[in-house]
file data.tsv (TSV, C-alpha atoms)
chain	number	residue	atom	x	y	z
N	12	MET	CA	-53.58	21.57	-9.87
N	13	SER	CA	-56.23	24.18	-10.50
N	14	ALA	CA	-59.71	22.71	-10.66
N	15	SER	CA	-61.18	25.53	-12.72
N	16	GLN	CA	-59.15	25.05	-15.88
N	17	PRO	CA	-57.20	22.13	-17.34
N	18	VAL	CA	-53.49	22.32	-16.58
N	19	TRP	CA	-52.46	22.61	-20.22
N	20	ARG	CA	-54.26	25.95	-20.42
N	21	HIS	CA	-52.15	27.34	-17.59
N	22	PRO	CA	-49.59	29.93	-18.81
N	23	GLU	CA	-46.84	28.22	-16.80
N	24	PHE	CA	-47.57	24.94	-18.59
N	25	LYS	CA	-46.96	26.65	-21.92
N	26	ARG	CA	-43.84	28.32	-20.60
N	27	GLY	CA	-42.49	25.02	-19.27
N	28	ALA	CA	-43.13	23.31	-22.61
N	29	ARG	CA	-41.65	26.19	-24.58
N	30	GLU	CA	-38.45	26.26	-22.53
N	31	MET	CA	-38.00	22.54	-23.19
N	32	ARG	CA	-38.66	22.74	-26.93
N	33	ASP	CA	-35.07	23.08	-28.18
N	34	VAL	CA	-33.69	20.66	-25.60
N	35	ALA	CA	-36.31	18.14	-26.75
N	36	LEU	CA	-34.37	17.76	-29.99
N	37	GLY	CA	-31.32	16.56	-28.02
N	38	ILE	CA	-33.45	14.33	-25.80
N	39	GLY	CA	-35.04	12.87	-28.91
N	40	ALA	CA	-31.61	12.09	-30.37
N	41	TRP	CA	-30.67	10.25	-27.18
N	42	GLY	CA	-33.99	8.42	-27.23
N	43	LEU	CA	-33.29	7.27	-30.76
N	44	VAL	CA	-29.85	5.98	-29.73
N	45	ALA	CA	-31.28	4.28	-26.63
N	46	GLY	CA	-33.99	2.65	-28.74
N	47	ILE	CA	-31.39	1.34	-31.20
N	48	ALA	CA	-29.26	0.05	-28.32
N	49	MET	CA	-32.22	-1.75	-26.75
N	50	ALA	CA	-33.17	-3.40	-30.02
N	51	LYS	CA	-29.56	-4.46	-30.69
N	52	ALA	CA	-29.24	-5.90	-27.17
N	53	GLY	CA	-31.85	-8.41	-28.31
N	54	LEU	CA	-34.55	-7.20	-25.98
N	55	GLY	CA	-37.33	-7.48	-28.54
N	56	ALA	CA	-39.62	-4.62	-29.47
N	57	ALA	CA	-42.27	-5.22	-26.78
N	58	LEU	CA	-39.82	-5.44	-23.88
N	59	ALA	CA	-37.73	-2.54	-25.18
N	60	ILE	CA	-40.76	-0.27	-25.35
N	61	ALA	CA	-42.00	-1.47	-21.96
N	62	MET	CA	-38.59	-0.63	-20.50
N	63	SER	CA	-38.54	2.82	-21.98
N	64	LEU	CA	-42.10	3.62	-20.90
N	65	SER	CA	-41.67	2.49	-17.31
N	66	VAL	CA	-38.01	3.10	-16.42
N	67	PHE	CA	-37.76	6.50	-18.19
N	68	ALA	CA	-34.07	6.99	-17.37
N	69	GLY	CA	-31.78	6.91	-20.39
N	70	SER	CA	-28.40	6.63	-18.73
N	71	ALA	CA	-29.59	3.92	-16.33
N	72	GLN	CA	-31.21	1.99	-19.18
N	73	LEU	CA	-28.05	2.12	-21.28
N	74	ALA	CA	-25.96	0.97	-18.31
N	75	ALA	CA	-28.37	-1.89	-17.50
N	76	LEU	CA	-28.74	-3.18	-21.08
N	77	PRO	CA	-25.46	-5.04	-21.47
N	78	LEU	CA	-25.98	-6.57	-18.02
N	79	ILE	CA	-29.45	-7.82	-19.00
N	80	ALA	CA	-28.06	-9.11	-22.31
N	81	GLN	CA	-25.35	-11.15	-20.58
N	82	GLY	CA	-27.75	-12.41	-17.90
N	83	ALA	CA	-26.12	-10.73	-14.90
N	84	PRO	CA	-27.75	-11.27	-11.46
N	85	LEU	CA	-30.73	-8.99	-10.85
N	86	TRP	CA	-29.14	-7.24	-7.88
N	87	VAL	CA	-26.13	-6.25	-10.02
N	88	ILE	CA	-28.46	-4.76	-12.65
N	89	TRP	CA	-30.43	-2.80	-10.06
N	90	ALA	CA	-27.36	-1.65	-8.11
N	91	THR	CA	-25.77	-0.38	-11.32
N	92	ALA	CA	-28.88	1.64	-12.21
N	93	PHE	CA	-29.05	2.98	-8.66
N	94	CYS	CA	-25.47	4.25	-8.81
N	95	VAL	CA	-25.96	5.79	-12.26
N	96	ASN	CA	-29.05	7.54	-10.87
N	97	LEU	CA	-27.40	8.80	-7.67
N	98	ARG	CA	-27.36	12.34	-9.03
N	99	PHE	CA	-31.16	12.32	-8.80
N	100	VAL	CA	-30.90	11.55	-5.08
N	101	ILE	CA	-28.94	14.80	-4.70
N	102	PHE	CA	-31.43	16.70	-6.88
N	103	SER	CA	-34.31	15.40	-4.78
N	104	ALA	CA	-32.90	17.27	-1.78
N	105	GLY	CA	-33.25	20.38	-3.92
N	106	TRP	CA	-36.86	19.49	-4.78
N	107	ARG	CA	-37.99	18.99	-1.20
N	108	PRO	CA	-38.53	22.65	-0.15
N	109	TYR	CA	-40.58	23.26	-3.32
N	110	LEU	CA	-42.81	20.21	-2.91
N	111	GLU	CA	-43.10	20.16	0.88
N	112	PRO	CA	-46.87	21.00	0.98
N	113	LEU	CA	-47.81	18.08	-1.30
N	114	SER	CA	-48.71	14.59	-0.12
N	115	ARG	CA	-46.01	11.96	-0.45
N	116	PRO	CA	-47.54	10.18	-3.47
N	117	ARG	CA	-47.87	13.49	-5.33
N	118	ARG	CA	-44.30	14.49	-4.46
N	119	LEU	CA	-43.11	11.15	-5.84
N	120	LEU	CA	-45.20	11.58	-8.97
N	121	VAL	CA	-43.56	14.93	-9.69
N	122	THR	CA	-40.00	13.72	-9.11
N	123	TYR	CA	-40.50	10.51	-11.12
N	124	PHE	CA	-41.16	12.56	-14.26
N	125	THR	CA	-38.35	15.08	-13.77
N	126	VAL	CA	-35.16	14.30	-15.64
N	127	ASP	CA	-31.99	16.40	-15.40
N	128	PHE	CA	-33.14	19.03	-17.88
N	129	THR	CA	-36.48	19.55	-16.18
N	130	TYR	CA	-34.75	20.03	-12.83
N	131	ILE	CA	-32.41	22.64	-14.31
N	132	ALA	CA	-35.18	24.50	-16.14
N	133	PHE	CA	-37.37	24.48	-13.04
N	134	MET	CA	-34.67	25.84	-10.74
N	135	ARG	CA	-33.95	28.55	-13.28
N	136	ARG	CA	-37.63	29.48	-13.48
N	137	PHE	CA	-38.23	29.31	-9.72
N	138	PRO	CA	-35.11	30.38	-7.78
N	139	GLN	CA	-37.36	30.43	-4.70
N	140	PRO	CA	-40.47	28.33	-3.95
N	141	ALA	CA	-43.54	29.93	-5.56
N	142	ALA	CA	-47.27	29.28	-5.84
N	143	MET	CA	-47.81	25.53	-6.04
N	144	SER	CA	-50.20	25.77	-9.02
N	145	ASP	CA	-47.56	27.69	-11.01
N	146	GLN	CA	-44.81	25.27	-10.05
N	147	LEU	CA	-46.83	22.19	-10.94
N	148	ALA	CA	-48.07	23.63	-14.22
N	149	TYR	CA	-44.50	24.49	-15.22
N	150	VAL	CA	-43.23	21.01	-14.35
N	151	ALA	CA	-46.17	19.41	-16.17
N	152	GLY	CA	-45.51	21.38	-19.35
N	153	ASN	CA	-41.78	20.81	-19.25
N	154	ALA	CA	-41.99	17.11	-18.40
N	155	THR	CA	-44.72	16.44	-20.99
N	156	MET	CA	-42.45	17.86	-23.67
N	157	SER	CA	-39.45	15.78	-22.61
N	158	TRP	CA	-41.53	12.63	-22.03
N	159	ILE	CA	-43.13	12.72	-25.47
N	160	SER	CA	-39.89	13.45	-27.33
N	161	TRP	CA	-38.02	10.74	-25.40
N	162	GLN	CA	-40.69	8.05	-25.77
N	163	ALA	CA	-41.55	8.75	-29.40
N	164	MET	CA	-37.91	8.69	-30.48
N	165	THR	CA	-37.15	5.59	-28.39
N	166	VAL	CA	-39.92	3.72	-30.16
N	167	ALA	CA	-38.58	5.02	-33.48
N	168	GLY	CA	-35.10	3.76	-32.52
N	169	VAL	CA	-36.42	0.31	-31.61
N	170	VAL	CA	-38.31	0.02	-34.89
N	171	LEU	CA	-35.61	1.52	-37.13
N	172	ALA	CA	-32.61	-0.10	-35.40
N	173	ASP	CA	-31.49	-1.95	-38.53
N	174	VAL	CA	-31.92	1.03	-40.86
N	175	ILE	CA	-30.06	3.81	-39.02
N	176	PRO	CA	-26.27	3.54	-39.25
N	177	THR	CA	-24.68	4.05	-35.83
N	178	ARG	CA	-21.59	5.72	-37.29
N	179	TRP	CA	-23.63	8.82	-38.04
N	180	GLY	CA	-23.16	9.59	-34.36
N	181	LEU	CA	-26.74	10.77	-33.87
N	182	GLY	CA	-26.41	10.60	-30.10
N	183	PHE	CA	-23.95	13.48	-30.31
N	184	ALA	CA	-26.91	15.82	-30.84
N	185	GLY	CA	-27.87	15.00	-27.25
N	186	SER	CA	-24.36	15.84	-26.05
N	187	LEU	CA	-24.55	19.16	-27.91
N	188	ALA	CA	-27.82	19.98	-26.16
N	189	LEU	CA	-26.07	19.20	-22.89
N	190	LEU	CA	-23.15	21.42	-23.92
N	191	GLY	CA	-25.44	24.39	-24.56
N	192	ILE	CA	-27.29	23.90	-21.25
N	193	THR	CA	-23.98	23.62	-19.40
N	194	ALA	CA	-22.68	26.80	-21.02
N	195	SER	CA	-25.87	28.64	-20.06
N	196	LEU	CA	-25.26	27.69	-16.41
N	197	LEU	CA	-21.80	29.31	-16.38
N	198	VAL	CA	-22.84	32.74	-15.16
N	199	ASP	CA	-20.30	33.79	-12.55
N	200	ARG	CA	-16.96	32.93	-10.97
N	201	GLY	CA	-18.50	30.34	-8.64
N	202	THR	CA	-20.09	28.36	-11.46
N	203	TRP	CA	-16.94	28.46	-13.62
N	204	ILE	CA	-14.79	27.20	-10.78
N	205	ALA	CA	-17.36	24.55	-9.84
N	206	ALA	CA	-17.44	23.35	-13.46
N	207	ALA	CA	-13.64	23.16	-13.67
N	208	VAL	CA	-13.49	21.25	-10.39
N	209	ALA	CA	-16.27	18.90	-11.56
N	210	ALA	CA	-14.45	18.15	-14.82
N	211	SER	CA	-11.16	17.44	-13.02
N	212	ALA	CA	-12.85	15.27	-10.40
N	213	ALA	CA	-14.90	13.36	-12.98
N	214	PHE	CA	-11.74	12.63	-14.96
N	215	ALA	CA	-9.62	11.72	-11.92
N	216	ALA	CA	-12.32	9.37	-10.61
N	217	PHE	CA	-13.18	7.92	-14.03
N	218	ALA	CA	-11.90	4.46	-13.10
N	219	LEU	CA	-14.59	4.06	-10.42
N	220	PRO	CA	-17.27	1.51	-11.32
N	221	PHE	CA	-20.97	2.27	-11.95
N	222	HIS	CA	-20.31	5.86	-13.14
N	223	LEU	CA	-19.68	6.83	-9.52
N	224	ASN	CA	-17.29	9.50	-10.80
N	225	ILE	CA	-20.42	11.62	-11.42
N	226	VAL	CA	-21.17	11.64	-7.69
N	227	VAL	CA	-17.54	12.45	-6.88
N	228	ALA	CA	-17.70	15.36	-9.34
N	229	ILE	CA	-20.92	16.69	-7.78
N	230	ALA	CA	-19.53	16.51	-4.24
N	231	ALA	CA	-16.28	18.22	-5.26
N	232	ALA	CA	-18.08	20.95	-7.20
N	233	MET	CA	-20.52	21.64	-4.35
N	234	ALA	CA	-17.62	21.98	-1.92
N	235	ALA	CA	-15.69	24.23	-4.29
N	236	GLY	CA	-18.73	26.36	-5.05
N	237	ILE	CA	-19.58	26.94	-1.43
N	238	LEU	CA	-15.94	27.81	-0.68
N	239	VAL	CA	-15.91	30.42	-3.44
N	240	ASP	CA	-19.23	31.86	-2.24
N	241	HIS	CA	-17.99	32.25	1.31
N	242	LEU	CA	-14.35	33.18	0.88
N	243	ALA	CA	-14.76	35.58	-2.01
N	244	PRO	CA	-18.36	36.73	-2.37
N	245	SER	CA	-18.30	38.64	-5.63
N	246	ARG	CA	-21.88	39.84	-5.93
N	247	ALA	CA	-25.35	39.43	-4.50
N	248	LYS	CA	-26.09	35.75	-4.25
N	249	ALA	CA	-28.31	34.75	-7.12
N	250	PRO	CA	-28.90	31.26	-8.42
N	251	PRO	CA	-27.62	30.65	-11.93
N	252	SER	CA	-30.42	32.22	-13.88
N	253	GLY	CA	-30.14	33.36	-17.45
N	254	ASP	CA	-33.28	35.26	-18.23
N	255	ALA	CA	-35.51	34.11	-15.37
N	256	ALA	CA	-38.20	36.58	-14.47
B	12	MET	CA	-32.61	-14.09	-19.61
B	13	THR	CA	-36.13	-15.36	-20.08
B	14	THR	CA	-38.90	-12.92	-20.88
B	15	TRP	CA	-40.15	-13.15	-17.30
B	16	GLN	CA	-36.74	-12.50	-15.79
B	17	THR	CA	-36.33	-9.49	-18.05
B	18	LEU	CA	-39.73	-8.21	-16.96
B	19	VAL	CA	-38.71	-8.54	-13.32
B	20	ALA	CA	-35.48	-6.68	-14.10
B	21	ILE	CA	-37.45	-3.89	-15.79
B	22	ALA	CA	-39.91	-3.67	-12.89
B	23	GLY	CA	-36.97	-3.36	-10.48
B	24	LEU	CA	-35.38	-0.66	-12.65
B	25	THR	CA	-38.65	1.26	-12.54
B	26	VAL	CA	-38.56	1.09	-8.74
B	27	VAL	CA	-34.96	2.36	-8.87
B	28	SER	CA	-36.10	5.35	-10.97
B	29	ILE	CA	-38.88	6.18	-8.50
B	30	VAL	CA	-36.68	5.74	-5.43
B	31	THR	CA	-33.66	7.69	-6.67
B	32	ARG	CA	-35.61	10.58	-8.20
B	33	GLY	CA	-37.83	10.85	-5.13
B	34	PHE	CA	-35.29	9.88	-2.47
B	35	PHE	CA	-35.89	12.83	-0.13
B	36	MET	CA	-39.63	12.80	-0.87
B	37	PHE	CA	-40.14	9.69	1.27
B	38	PRO	CA	-39.87	11.14	4.80
B	39	ARG	CA	-43.37	12.20	5.84
B	40	ARG	CA	-42.28	14.86	8.27
B	41	GLU	CA	-40.95	18.18	7.04
B	42	LEU	CA	-37.35	17.84	5.99
B	43	PRO	CA	-35.39	21.00	6.74
B	44	ILE	CA	-32.55	21.54	4.27
B	45	PRO	CA	-29.80	23.61	5.93
B	46	ALA	CA	-29.00	26.91	4.23
B	47	TRP	CA	-25.42	25.92	3.34
B	48	LEU	CA	-26.66	22.76	1.66
B	49	ARG	CA	-29.26	24.69	-0.33
B	50	GLU	CA	-26.53	27.02	-1.53
B	51	ALA	CA	-24.25	24.13	-2.43
B	52	LEU	CA	-27.07	22.31	-4.22
B	53	ARG	CA	-27.21	24.98	-6.87
B	54	TYR	CA	-23.90	23.63	-8.18
B	55	ALA	CA	-25.10	20.00	-8.31
B	56	PRO	CA	-26.79	19.93	-11.74
B	57	LEU	CA	-23.94	21.84	-13.37
B	58	ALA	CA	-21.43	19.34	-11.96
B	59	ALA	CA	-23.56	16.38	-13.05
B	60	LEU	CA	-23.78	17.74	-16.60
B	61	VAL	CA	-20.02	18.35	-16.78
B	62	ALA	CA	-19.31	14.83	-15.50
B	63	VAL	CA	-21.71	13.23	-17.97
B	64	LEU	CA	-20.45	15.39	-20.83
B	65	LEU	CA	-16.72	14.82	-20.32
B	66	PRO	CA	-16.48	11.27	-21.73
B	67	GLU	CA	-18.96	12.07	-24.51
B	68	LEU	CA	-17.03	15.07	-25.81
B	69	ALA	CA	-13.42	14.60	-24.82
B	70	MET	CA	-12.64	10.96	-24.07
B	71	THR	CA	-12.06	7.74	-25.98
B	72	GLY	CA	-12.32	4.74	-23.67
B	73	ASP	CA	-10.65	5.79	-20.42
B	74	HIS	CA	-8.31	8.49	-21.72
B	75	LEU	CA	-8.61	11.94	-23.26
B	76	ILE	CA	-8.81	12.21	-27.05
B	77	ALA	CA	-5.25	11.83	-28.30
B	78	THR	CA	-5.66	12.54	-32.00
B	79	TRP	CA	-6.64	15.57	-34.07
B	80	ARG	CA	-8.62	13.30	-36.36
B	81	ASP	CA	-11.63	13.06	-34.11
B	82	ALA	CA	-14.76	14.70	-35.48
B	83	ARG	CA	-16.00	15.42	-31.95
B	84	ILE	CA	-13.28	18.04	-31.38
B	85	TYR	CA	-14.51	20.17	-34.27
B	86	ALA	CA	-18.19	19.52	-33.61
B	87	THR	CA	-17.72	20.58	-29.98
B	88	ALA	CA	-15.76	23.68	-30.97
B	89	THR	CA	-18.49	24.60	-33.44
B	90	GLY	CA	-21.13	24.07	-30.76
B	91	VAL	CA	-19.29	26.30	-28.28
B	92	LEU	CA	-18.77	28.99	-30.91
B	93	VAL	CA	-22.40	29.00	-32.02
B	94	PHE	CA	-23.69	29.02	-28.48
B	95	CYS	CA	-21.41	31.85	-27.37
B	96	THR	CA	-22.37	34.02	-30.33
B	97	THR	CA	-26.09	33.26	-30.64
B	98	ARG	CA	-27.12	31.74	-27.25
B	99	SER	CA	-29.31	29.48	-29.37
B	100	LEU	CA	-29.59	25.87	-28.24
B	101	LEU	CA	-31.18	24.80	-31.49
B	102	GLY	CA	-28.37	26.41	-33.52
B	103	THR	CA	-25.78	24.73	-31.30
B	104	ILE	CA	-27.30	21.29	-31.84
B	105	LEU	CA	-27.77	21.69	-35.59
B	106	ALA	CA	-24.39	23.28	-36.37
B	107	GLY	CA	-22.44	20.83	-34.19
B	108	SER	CA	-24.27	17.83	-35.64
B	109	ALA	CA	-23.67	19.08	-39.20
B	110	VAL	CA	-19.91	19.36	-38.59
B	111	LEU	CA	-19.81	15.92	-36.96
B	112	LEU	CA	-21.73	14.30	-39.79
B	113	ALA	CA	-19.63	16.00	-42.48
B	114	LEU	CA	-16.32	14.90	-40.91
B	115	ARG	CA	-17.57	11.37	-40.13
B	116	LEU	CA	-18.93	10.73	-43.60
B	117	GLY	CA	-16.49	12.90	-45.58
B	118	LEU	CA	-13.16	12.21	-43.91
B	119	ASN	CA	-14.04	9.14	-41.87
B	120	TRP	CA	-12.81	10.85	-38.65

call {"tool": "encode", "arguments": {"input": "data.tsv", "output": "structure tokens"}}
result
Amino acid sequence: MSASQPVWRHPEFKRGAREMRDVALGIGAWGLVAGIAMAKAGLGAALAIAMSLSVFAGSAQLAALPLIAQGAPLWVIWATAFCVNLRFVIFSAGWRPYLEPLSRPRRLLVTYFTVDFTYIAFMRRFPQPAAMSDQLAYVAGNATMSWISWQAMTVAGVVLADVIPTRWGLGFAGSLALLGITASLLVDRGTWIAAAVAASAAFAAFALPFHLNIVVAIAAAMAAGILVDHLAPSRAKAPPSGDAA
Amino acid sequence: MTTWQTLVAIAGLTVVSIVTRGFFMFPRRELPIPAWLREALRYAPLAALVAVLLPELAMTGDHLIATWRDARIYATATGVLVFCTTRSLLGTILAGSAVLLALRLGLNW
């Protein structure tokens, strides 16, 4: 990052943070639910907060919790989290061209902090690789926003687990954030078809263990999307970008 | 599990986060991504979101919602409506959550 000025003064840092602001509400709601779940799994406040701070992967944490609670073998716990996280493996192939010039430890540092929403926002902001200082400042701003909202609300969930009634369905706020993001990605025929294929595949493969239906849905949607692009190109190829500069 | 076993589990989960998020960051040499794959990759996050969203919005257990008395139907519809008219994420979250809360607490749906 630029040596002359601190990264949080960079205009792309502010932009990254700003574009995460509304989503942060949904992430916070999930964090709250995850915190409650960790406390109710009997993890204890210290371990629950340690888990949230270090693992930083909501869906994997929620999948691993019942396994930890029932004392499952370690390899089962880790394999489950790996499968739930497989979508990130696919995203990391998308990251590679953008982060190629960085050293391996710095590449890993960037990807460790990038959750689904940060990946989507970044690809919308930078359809093509751009200046590294801009890219990194944007990621830093975006990821700082999501990290703080997730961690703060997770801690709140751990502490307030006995006070907040679960039937309020607070986690649904996170799903609504996801719904809005998904809708904003539906910009052309290819994305609509890919989404329909993904939904069908995810439902058809729902019985698979370890949430592997997500990977099936991604593979099916990628195949469908590329078919649409090549068989019936409707317009100049542009990545799904709402108001990207 | 003992505290130590849980700590080992958490440490391993942290490694899983680093390895999965950075999977293709590990090779030292330049990793050429073929053009067709780059094109296809633009559909990956959309598909992941749809797959994660489906059970949250439209399923109970392992089947689709089979009753009209499920607050999620109306909260989702409200969310879609608000987003399509305003393109506001914040509005989508707040309006959908309000409908969900009202139906859950008011009608016990």

call {"tool": "interface_residues", "arguments": {"input": "data.tsv", "of": "chain B", "to": "chain N", "cutoff": "7 Å", "atoms": "all atoms listed in the file", "output": "PyMOL selection string"}}
result
chain B and resi 12+20-21+23-25+27-29+31-37+39+41+49-65+67+90+94+100-101+103-104+107-108+112+115

call {"tool": "closest_residue", "arguments": {"input": "data.tsv", "among": "B:Val110, B:Met70, B:Gly102, B:Asn119", "to": "B:Ala86", "atoms": "all atoms listed in the file"}}
result
B:Val110

call {"tool": "atom_distance", "arguments": {"input": "data.tsv", "atom1": "atom CA of B:Thr71", "atom2": "atom CA of B:Ile84"}}
result
11.7 Å

call {"tool": "residues_around", "arguments": {"input": "data.tsv", "residues": "N:Leu171", "least_positions_apart": "3", "cutoff": "12 Å", "atoms": "all atoms listed in the file", "output": "VMD selection string"}}
result
chain N and resid 43 to 51 56 164 to 168 174 to 177

call {"tool": "atom_distance", "arguments": {"input": "data.tsv", "atom1": "atom CA of N:Ala148", "atom2": "atom CA of N:Glu23"}}
result
5.4 Å

call {"tool": "closest_residue", "arguments": {"input": "data.tsv", "among": "N:Met31, N:Leu219, N:Gly152, N:Leu78", "to": "B:Asp73", "atoms": "only C-alpha atoms"}}
result
N:Leu219

call {"tool": "decode", "arguments": {"input": "data.tsv", "residues": "stretch 124-141 of chain N", "atoms": "C-alpha atoms", "output": "JSON list (two decimals), in the first residue's frame"}}
result
[["chain", "number", "residue", "atom", "x", "y", "z"],
["N", 124, "PHE", "CA", -10.27, -11.22, 4.83],
["N", 125, "THR", "CA", -12.55, -11.34, 1.78],
["N", 126, "VAL", "CA", -15.96, -12.84, 2.39],
["N", 127, "ASP", "CA", -18.58, -13.34, -0.34],
["N", 128, "PHE", "CA", -19.83, -9.76, -0.28],
["N", 129, "THR", "CA", -16.35, -8.28, -0.54],
["N", 130, "TYR", "CA", -15.60, -10.48, -3.55],
["N", 131, "ILE", "CA", -18.79, -9.37, -5.28],
["N", 132, "ALA", "CA", -18.26, -5.68, -4.52],
["N", 133, "PHE", "CA", -14.65, -5.86, -5.66],
["N", 134, "MET", "CA", -15.46, -7.54, -8.98],
["N", 135, "ARG", "CA", -18.15, -4.95, -9.58],
["N", 136, "ARG", "CA", -15.72, -2.12, -8.85],
["N", 137, "PHE", "CA", -12.84, -3.62, -10.84],
["N", 138, "PRO", "CA", -14.13, -5.57, -13.87],
["N", 139, "GLN", "CA", -10.49, -5.66, -15.03],
["N", 140, "PRO", "CA", -7.30, -5.65, -12.94],
["N", 141, "ALA", "CA", -6.36, -2.06, -12.03]]
